[in-house]
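Quick look at upload01.txt (compact mmCIF, C-alpha atoms and all ligand atoms):
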# COMPACT_ATOMS: atom_id res chain seq x y z
CA PRO A 1 30.62 72.84 141.81
CA ARG A 2 33.34 73.77 139.36
CA LYS A 3 33.22 72.17 135.91
CA VAL A 4 36.47 70.31 135.36
CA ILE A 5 38.11 68.20 132.63
CA LEU A 6 41.29 66.21 133.28
CA ASP A 7 43.57 65.57 130.30
CA MET A 8 46.09 62.95 131.41
CA ASP A 9 48.56 60.15 130.65
CA PRO A 10 48.16 57.68 133.56
CA GLY A 11 50.71 56.78 135.05
CA VAL A 12 50.82 56.54 138.83
CA ASP A 13 50.71 60.24 139.71
CA ASP A 14 47.98 60.90 137.14
CA ALA A 15 46.00 58.11 138.82
CA ILE A 16 46.39 59.78 142.21
CA ALA A 17 45.31 63.07 140.63
CA LEU A 18 42.16 61.47 139.21
CA CYS A 19 41.40 59.75 142.54
CA VAL A 20 41.52 63.13 144.30
CA ALA A 21 39.36 64.75 141.60
CA LEU A 22 36.78 61.93 141.89
CA ALA A 23 36.71 62.39 145.66
CA GLU A 24 36.30 66.18 145.48
CA PRO A 25 32.61 67.10 145.94
CA GLU A 26 33.30 70.62 144.68
CA PHE A 27 34.24 69.27 141.22
CA ASP A 28 31.74 68.52 138.50
CA LEU A 29 34.02 66.19 136.52
CA LEU A 30 32.74 66.46 132.94
CA ALA A 31 35.33 64.26 131.22
CA VAL A 32 38.69 62.60 131.45
CA THR A 33 40.64 62.66 128.20
CA ALA A 34 43.64 60.43 127.62
CA THR A 35 46.95 61.29 126.00
CA GLY A 36 50.04 59.14 125.59
CA GLY A 37 53.01 60.10 127.74
CA ASN A 38 54.04 57.89 130.63
CA VAL A 39 52.78 55.02 128.47
CA GLY A 40 51.67 54.89 124.83
CA PRO A 41 48.30 56.30 123.77
CA LYS A 42 46.43 52.98 123.79
CA GLN A 43 47.59 52.01 127.28
CA ALA A 44 46.89 55.53 128.58
CA THR A 45 43.29 55.28 127.36
CA LEU A 46 42.86 51.85 128.98
CA ASN A 47 44.33 53.25 132.18
CA VAL A 48 41.86 56.14 132.35
CA GLN A 49 39.10 53.59 131.93
CA THR A 50 40.63 51.34 134.60
CA ILE A 51 40.81 54.09 137.21
CA ILE A 52 37.18 55.00 136.72
CA GLU A 53 36.04 51.36 136.63
CA GLN A 54 37.91 50.61 139.82
CA VAL A 55 37.18 53.78 141.77
CA ASP A 56 33.89 55.29 140.65
CA PRO A 57 32.06 53.13 138.11
CA ALA A 58 28.74 54.70 139.03
CA ARG A 59 29.81 58.18 138.03
CA TRP A 60 31.41 57.39 134.67
CA PRO A 61 32.38 60.80 133.29
CA ARG A 62 33.00 60.94 129.53
CA ILE A 63 36.26 59.31 128.53
CA GLY A 64 38.29 60.52 125.56
CA ALA A 65 40.63 58.14 123.75
CA ALA A 66 44.17 59.23 122.94
CA THR A 67 45.04 59.49 119.24
CA PRO A 68 46.44 56.02 118.42
CA ASP A 69 49.32 57.25 116.25
CA GLN A 70 50.36 60.03 118.62
CA LEU A 71 54.12 60.61 118.33
CA LEU A 72 56.00 61.13 121.57
CA ARG A 73 59.70 61.55 122.22
CA THR A 74 59.88 59.21 125.22
CA ASP A 75 57.88 57.44 127.94
CA ALA A 76 58.20 56.59 131.64
CA ARG A 77 57.97 52.81 131.59
CA HIS A 78 61.30 52.62 133.43
CA LEU A 79 59.56 54.25 136.41
CA MET A 80 55.97 53.02 136.09
CA GLY A 81 56.19 49.69 134.28
CA THR A 82 54.81 48.82 130.84
CA ASP A 83 51.24 49.04 132.16
CA GLY A 84 51.88 52.46 133.75
CA PHE A 85 50.65 51.12 137.09
CA CYS A 86 53.88 49.38 138.16
CA GLY A 87 52.70 45.94 137.15
CA ALA A 88 49.26 45.96 138.83
CA ASN A 89 47.77 44.74 135.53
CA PHE A 90 44.09 45.46 136.09
CA PRO A 91 41.65 43.56 133.91
CA VAL A 92 40.05 45.98 131.47
CA ALA A 93 38.14 45.53 128.23
CA GLU A 94 38.48 48.14 125.50
CA LEU A 95 35.30 50.16 125.07
CA HIS A 96 33.64 50.43 121.69
CA ASN A 97 32.28 53.66 120.19
CA ARG A 98 34.59 55.79 122.25
CA HIS A 99 35.25 59.33 121.08
CA ASN A 100 38.67 60.79 120.52
CA SER A 101 39.97 63.04 123.32
CA ILE A 102 39.98 66.08 121.04
CA LYS A 103 36.29 65.64 120.17
CA VAL A 104 35.38 65.16 123.84
CA LEU A 105 37.33 68.28 124.86
CA SER A 106 35.66 70.28 122.10
CA ASP A 107 32.11 69.14 122.98
CA GLU A 108 32.46 69.69 126.69
CA ILE A 109 34.18 73.08 126.43
CA ARG A 110 31.59 74.31 123.92
CA GLY A 111 28.81 72.97 126.13
CA ALA A 112 29.87 75.22 129.01
CA ALA A 113 31.82 77.98 127.29
CA GLY A 114 34.00 80.03 129.62
CA GLU A 115 33.21 77.86 132.64
CA VAL A 116 35.45 74.83 132.25
CA THR A 117 38.78 74.37 134.02
CA VAL A 118 40.99 71.98 132.05
CA ILE A 119 43.77 70.37 134.08
CA ALA A 120 46.48 68.96 131.80
CA THR A 121 48.87 66.55 133.49
CA GLY A 122 50.43 64.88 130.44
CA PRO A 123 52.04 66.01 127.18
CA LEU A 124 50.03 68.86 125.63
CA SER A 125 49.28 67.10 122.32
CA ASN A 126 45.48 67.05 122.75
CA ILE A 127 45.23 70.68 123.80
CA ALA A 128 47.42 71.81 120.88
CA SER A 129 45.41 69.75 118.37
CA LEU A 130 42.19 71.15 119.78
CA LEU A 131 43.38 74.75 119.44
CA GLN A 132 44.68 74.07 115.95
CA ALA A 133 41.38 72.58 114.78
CA GLU A 134 39.16 75.10 116.57
CA PRO A 135 41.15 78.27 117.37
CA ASP A 136 38.05 80.05 118.73
CA LEU A 137 38.04 77.62 121.66
CA ALA A 138 41.11 79.39 123.07
CA THR A 139 38.85 81.98 124.61
CA GLU A 140 36.13 79.49 125.57
CA ILE A 141 38.33 77.52 127.96
CA GLY A 142 37.74 79.09 131.36
CA HIS A 143 41.15 78.19 132.75
CA LEU A 144 43.91 75.80 131.73
CA ILE A 145 46.16 74.46 134.49
CA ILE A 146 49.29 72.77 133.16
CA LEU A 147 51.62 70.49 135.08
CA GLY A 148 54.96 70.82 133.34
CA GLY A 149 58.14 72.69 132.67
CA ALA A 150 60.72 73.94 135.12
CA VAL A 151 61.07 77.56 136.13
CA ALA A 152 63.75 77.56 138.81
CA GLY A 153 65.32 74.13 138.65
CA PRO A 154 66.69 71.56 136.23
CA GLY A 155 64.67 69.24 134.04
CA ASN A 156 63.69 65.75 135.11
CA ILE A 157 63.88 63.80 131.83
CA THR A 158 66.90 65.58 130.35
CA ALA A 159 69.22 67.99 132.11
CA ALA A 160 67.19 70.86 130.67
CA ALA A 161 63.66 69.56 130.08
CA GLU A 162 60.70 68.37 132.11
CA PHE A 163 58.98 65.16 130.98
CA ASN A 164 55.54 66.41 129.83
CA ILE A 165 56.94 69.27 127.79
CA TYR A 166 59.80 67.20 126.36
CA CYS A 167 57.44 64.44 125.13
CA ASP A 168 55.78 66.85 122.71
CA ALA A 169 57.61 70.17 122.82
CA GLU A 170 56.03 71.45 119.60
CA SER A 171 52.54 71.07 121.05
CA ALA A 172 53.60 72.61 124.34
CA ARG A 173 54.98 75.62 122.45
CA GLN A 174 51.68 76.12 120.61
CA VAL A 175 49.72 75.95 123.85
CA PHE A 176 52.09 78.34 125.63
CA GLN A 177 51.76 80.84 122.76
CA SER A 178 47.95 80.55 122.60
CA PRO A 179 45.71 83.16 124.22
CA VAL A 180 44.17 80.62 126.64
CA THR A 181 44.08 81.81 130.27
CA LYS A 182 46.58 79.49 131.91
CA THR A 183 48.49 78.66 135.05
CA LEU A 184 51.65 76.58 134.96
CA ILE A 185 52.68 74.37 137.86
CA PRO A 186 56.32 73.64 137.08
CA VAL A 187 58.07 70.54 138.30
CA ASP A 188 60.29 72.41 140.74
CA VAL A 189 57.10 73.41 142.57
CA SER A 190 55.29 70.06 142.21
CA SER A 191 58.38 68.19 143.52
CA GLN A 192 58.08 69.99 146.83
CA VAL A 193 55.06 67.82 147.63
CA MET A 194 56.13 64.25 148.42
CA LEU A 195 53.92 61.44 149.66
CA GLY A 196 55.38 59.44 152.55
CA LEU A 197 54.98 55.70 153.10
CA ASP A 198 52.51 56.45 155.91
CA VAL A 199 49.85 56.94 153.23
CA LEU A 200 49.67 53.13 152.94
CA GLU A 201 48.55 52.81 156.59
CA LYS A 202 46.01 55.56 156.13
CA LEU A 203 44.54 53.86 153.06
CA LYS A 204 44.32 50.55 154.91
CA HIS A 205 42.05 52.12 157.49
CA SER A 206 39.90 53.91 154.95
CA GLY A 207 38.62 50.85 153.04
CA SER A 208 37.05 52.99 150.28
CA ARG A 209 37.20 51.99 146.61
CA THR A 210 39.83 54.68 146.17
CA ALA A 211 41.91 53.10 148.92
CA GLN A 212 41.54 49.60 147.51
CA PHE A 213 42.62 50.77 144.06
CA LEU A 214 45.64 52.76 145.25
CA SER A 215 46.73 49.96 147.58
CA LYS A 216 47.27 47.83 144.47
CA ILE A 217 49.58 50.39 142.88
CA LEU A 218 51.36 52.42 145.51
CA PRO A 219 53.56 49.80 147.24
CA ASN A 220 55.19 48.95 143.89
CA ALA A 221 55.38 52.62 142.96
CA PHE A 222 57.32 53.35 146.16
CA ARG A 223 59.61 50.41 145.42
CA MET A 224 60.30 51.37 141.78
CA GLN A 225 60.91 54.97 142.70
CA ARG A 226 63.40 53.88 145.36
CA GLN A 227 65.18 51.60 142.88
CA VAL A 228 65.27 54.03 139.96
CA LEU A 229 65.54 57.43 141.64
CA GLY A 230 66.77 56.55 145.12
CA LEU A 231 63.86 58.40 146.74
CA GLU A 232 62.02 57.16 149.85
CA ALA A 233 58.95 59.33 149.33
CA LEU A 234 56.79 59.43 146.21
CA ALA A 235 56.71 62.41 143.85
CA VAL A 236 53.06 63.10 143.10
CA HIS A 237 53.36 65.98 140.60
CA ASP A 238 49.99 65.76 138.87
CA VAL A 239 47.79 65.95 141.93
CA VAL A 240 49.48 69.24 142.79
CA ALA A 241 47.87 70.70 139.64
CA VAL A 242 44.46 69.38 140.75
CA THR A 243 45.00 71.04 144.12
CA ALA A 244 45.80 74.33 142.35
CA ALA A 245 42.33 74.25 140.78
CA MET A 246 40.69 73.77 144.17
CA HIS A 247 42.96 75.83 146.45
CA PRO A 248 44.86 78.45 144.42
CA ASN A 249 45.60 80.25 147.70
CA LEU A 250 48.17 77.55 148.54
CA PHE A 251 50.35 78.77 145.64
CA THR A 252 52.38 81.91 144.96
CA THR A 253 52.27 82.77 141.26
CA GLU A 254 53.95 85.31 139.01
CA PRO A 255 52.68 86.51 135.63
CA LEU A 256 55.46 85.63 133.16
CA HIS A 257 56.09 85.14 129.49
CA GLY A 258 56.90 81.47 128.95
CA ASP A 259 58.04 79.68 125.79
CA VAL A 260 59.40 76.25 124.84
CA GLU A 261 62.69 75.42 123.14
CA THR A 262 62.01 73.16 120.13
CA ALA A 263 65.27 73.41 118.20
CA GLY A 264 67.98 73.06 120.83
CA GLU A 265 70.41 70.17 120.73
CA LEU A 266 70.85 69.93 124.52
CA THR A 267 67.81 71.94 125.51
CA HIS A 268 64.99 70.46 123.44
CA GLY A 269 61.75 70.84 125.39
CA ALA A 270 63.17 73.21 127.98
CA THR A 271 60.83 75.95 129.16
CA VAL A 272 62.15 79.49 128.94
CA PHE A 273 60.74 82.34 131.03
CA ASP A 274 61.46 86.00 130.46
CA ARG A 275 62.37 87.45 133.82
CA ARG A 276 64.30 90.46 132.55
CA ILE A 277 63.57 93.71 134.30
CA VAL A 278 63.16 95.53 131.01
CA THR A 279 61.41 93.48 128.34
CA ASP A 280 58.89 93.97 125.57
CA SER A 281 57.41 90.49 126.00
CA ARG A 282 54.02 90.29 127.73
CA PRO A 283 53.11 87.66 130.33
CA ASN A 284 51.17 84.79 128.75
CA MET A 285 50.62 82.71 131.89
CA ASP A 286 50.69 82.69 135.67
CA VAL A 287 53.56 80.53 136.86
CA ALA A 288 53.63 78.98 140.31
CA VAL A 289 56.92 79.87 141.97
CA ASP A 290 56.18 78.67 145.49
CA VAL A 291 53.76 76.38 147.29
CA ASP A 292 52.54 75.63 150.79
CA ALA A 293 53.63 72.00 150.46
CA ASP A 294 52.21 70.95 153.84
CA GLY A 295 48.87 72.50 152.97
CA VAL A 296 48.77 70.65 149.63
CA LEU A 297 49.73 67.37 151.27
CA ARG A 298 47.02 67.79 153.93
CA TYR A 299 44.45 68.40 151.20
CA ILE A 300 45.55 65.37 149.16
CA LEU A 301 45.61 63.01 152.13
CA GLY A 302 42.21 64.27 153.26
CA ARG A 303 40.64 63.54 149.87
CA LEU A 304 42.37 60.15 149.53
CA GLU A 305 41.25 59.08 153.00
CA ALA A 306 37.68 60.20 152.36
CA GLY A 307 37.81 58.46 148.96
CA VAL A 308 34.82 57.33 146.94
C1 LIG A 401 55.28 64.60 134.89
O1 LIG A 401 55.93 63.54 134.21
C2 LIG A 401 55.14 62.40 134.25
O2 LIG A 401 55.93 61.24 134.32
C3 LIG A 401 54.27 62.55 135.46
O3 LIG A 401 53.04 61.84 135.30
C4 LIG A 401 54.04 64.03 135.54
O4 LIG A 401 52.91 64.42 134.77
C5 LIG A 401 56.26 65.22 135.85
O5 LIG A 401 57.37 65.70 135.19
CA CA A 402 51.28 62.83 134.03
Could the structure of this file be written out as structure tokens, please?
Ligand code: BDR
Ligand code: CA
Amino acid sequence: PRKVILDMDPGVDDAIALCVALAEPEFDLLAVTATGGNVGPKQATLNVQTIIEQVDPARWPRIGAATPDQLLRTDARHLMGTDGFCGANFPVAELHNRHNSIKVLSDEIRGAAGEVTVIATGPLSNIASLLQAEPDLATEIGHLIILGGAVAGPGNITAAAEFNIYCDAESARQVFQSPVTKTLIPVDVSSQVMLGLDVLEKLKHSGSRTAQFLSKILPNAFRMQRQVLGLEALAVHDVVAVTAAMHPNLFTTEPLHGDVETAGELTHGATVFDRRIVTDSRPNMDVAVDVDADGVLRYILGRLEAGV
């Protein structure tokens, strides 16, 4: 099995991503580290805990707590409710003696240097802080897969910027510029994979813990997405990044130099890729430019139906 850490800001699509990761026998899930994003840092930490309590309490990977005073430019409560789970309000008690996400990332990456795939599906604050505190870890992370940015399309939180990058553009810029081996799944690729309402029927028949948990969130998530965005199917961005770790062959990638705008008035948090024919910049990441959306959807549905 592949050693994996998920760094996330749950959030509905982060929850689906973690459900798939928990149901993937080829993953050795070392830790799940929380960051604020869709909701504030405290709620994000509780939500990571909730998903694991509800879906796979026996496994209990290490949980990292988001930095309580983390500063973020926005959140997604308009789309996911104040609890991040569209009002499902799971009972959860805050854990004591929990380590900070940055400490958990550091321990686990050092413990298996060069072997760990980190999948980051929230703002990149934790990863940037980690690399700032311990720059040598940049070459100890086996692979960093980032869900964020936009390479071919518009932004989704401002006209120019994608949500995860916009929330903490300075951190994203540091991570982009770092020597970590990384793959970016931009939002124009992740939006090609949409979950239809038929997933609810499938989950009903499955009866697993995963299915029970998601059945408490997804109907409201479909409803809120319809009300706010006018979409009938559910965007599931983050789980597309998890799929990229498992089945990279479903993606077409290009080596590109990517950077993040941190000073622009209209473009703050926009990702910028150098696609000039003649350039002296060197690629610093692989960027997904196309995806076999049906293949990804089949994989996701298969894992969700199997469940835990
Ligand atoms: C990203 O924004 C968040 O709201 C989602 O969880 C996803 O990580 C997509 O732009
Ligand atoms: Ca997310």
Practice item. Using CA of Asp259 in chain A and CA of Leu229 in chain A as the two end points, give the distance in Å to one decimal. Key: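 Rounded to one decimal, the two atoms are 28.3 Å apart.
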Contact table chain A vs ligand CA 402 (chain A), cut-off 8 Å, shortest pair per residue, only C-alpha atoms and all ligand atoms, as CSV:
residue,atom,partner,partner_atom,distance
A:Met8,CA,A:CA402,CA,5.8
A:Asp9,CA,A:CA402,CA,5.1
A:Pro10,CA,A:CA402,CA,6.0
A:Gly11,CA,A:CA402,CA,6.2
A:Val12,CA,A:CA402,CA,7.9
A:Asp13,CA,A:CA402,CA,6.3
A:Asp14,CA,A:CA402,CA,4.9
A:Gly37,CA,A:CA402,CA,7.1
A:Asn38,CA,A:CA402,CA,6.6
A:Thr121,CA,A:CA402,CA,4.5
A:Gly122,CA,A:CA402,CA,4.2
A:Pro123,CA,A:CA402,CA,7.6
A:Leu147,CA,A:CA402,CA,7.7
A:Asn164,CA,A:CA402,CA,7.0
A:His237,CA,A:CA402,CA,7.6
A:Asp238,CA,A:CA402,CA,5.8
Review point. Separation of CA of Ala34 in chain A and CA of Pro179 in chain A, in Å?
Key: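 Answer for the CA of Ala34 in chain A to CA of Pro179 in chain A separation: 23.1 Å.
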For Asp280 in chain A, list every protein, DNA or RNA residue within 12 Å, evaluated using only C-alpha atoms, and leave out those in the same chain fewer than 5 positions away; present the list as a CSV table (one decimal) with C-alpha atoms, in the frame of the given file.
chain,number,residue,atom,x,y,z
A,256,LEU,CA,55.5,85.6,133.2
A,257,HIS,CA,56.1,85.1,129.5
A,274,ASP,CA,61.5,86.0,130.5
A,275,ARG,CA,62.4,87.4,133.8
Check your understanding: At what distance in Å, to one decimal, does CA of Thr279 in chain A lie from CA of Gly155 in chain A?
Key ->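 We find that CA of Gly155 in chain A and CA of Thr279 in chain A lie 25.1 Å from each other.
Remark: for ligand LIG 401 (chain A), the closest of the candidate residues A:Pro248, A:Pro154, A:Pro283, A:Gly196 is A:Pro154 (distances computed over only C-alpha atoms and all ligand atoms).
Residues in contact with Arg298 in chain A at 12 Å, where all atoms listed in the file are counted and same-chain residues fewer than 4 positions away are skipped, are listed as Val193, Met194, Leu195, Gly196, Val199, Val240, Thr243, His247, Leu250, Asp292, Ala293, Asp294, Gly302, Arg303, Leu304 and Glu305 of chain A.
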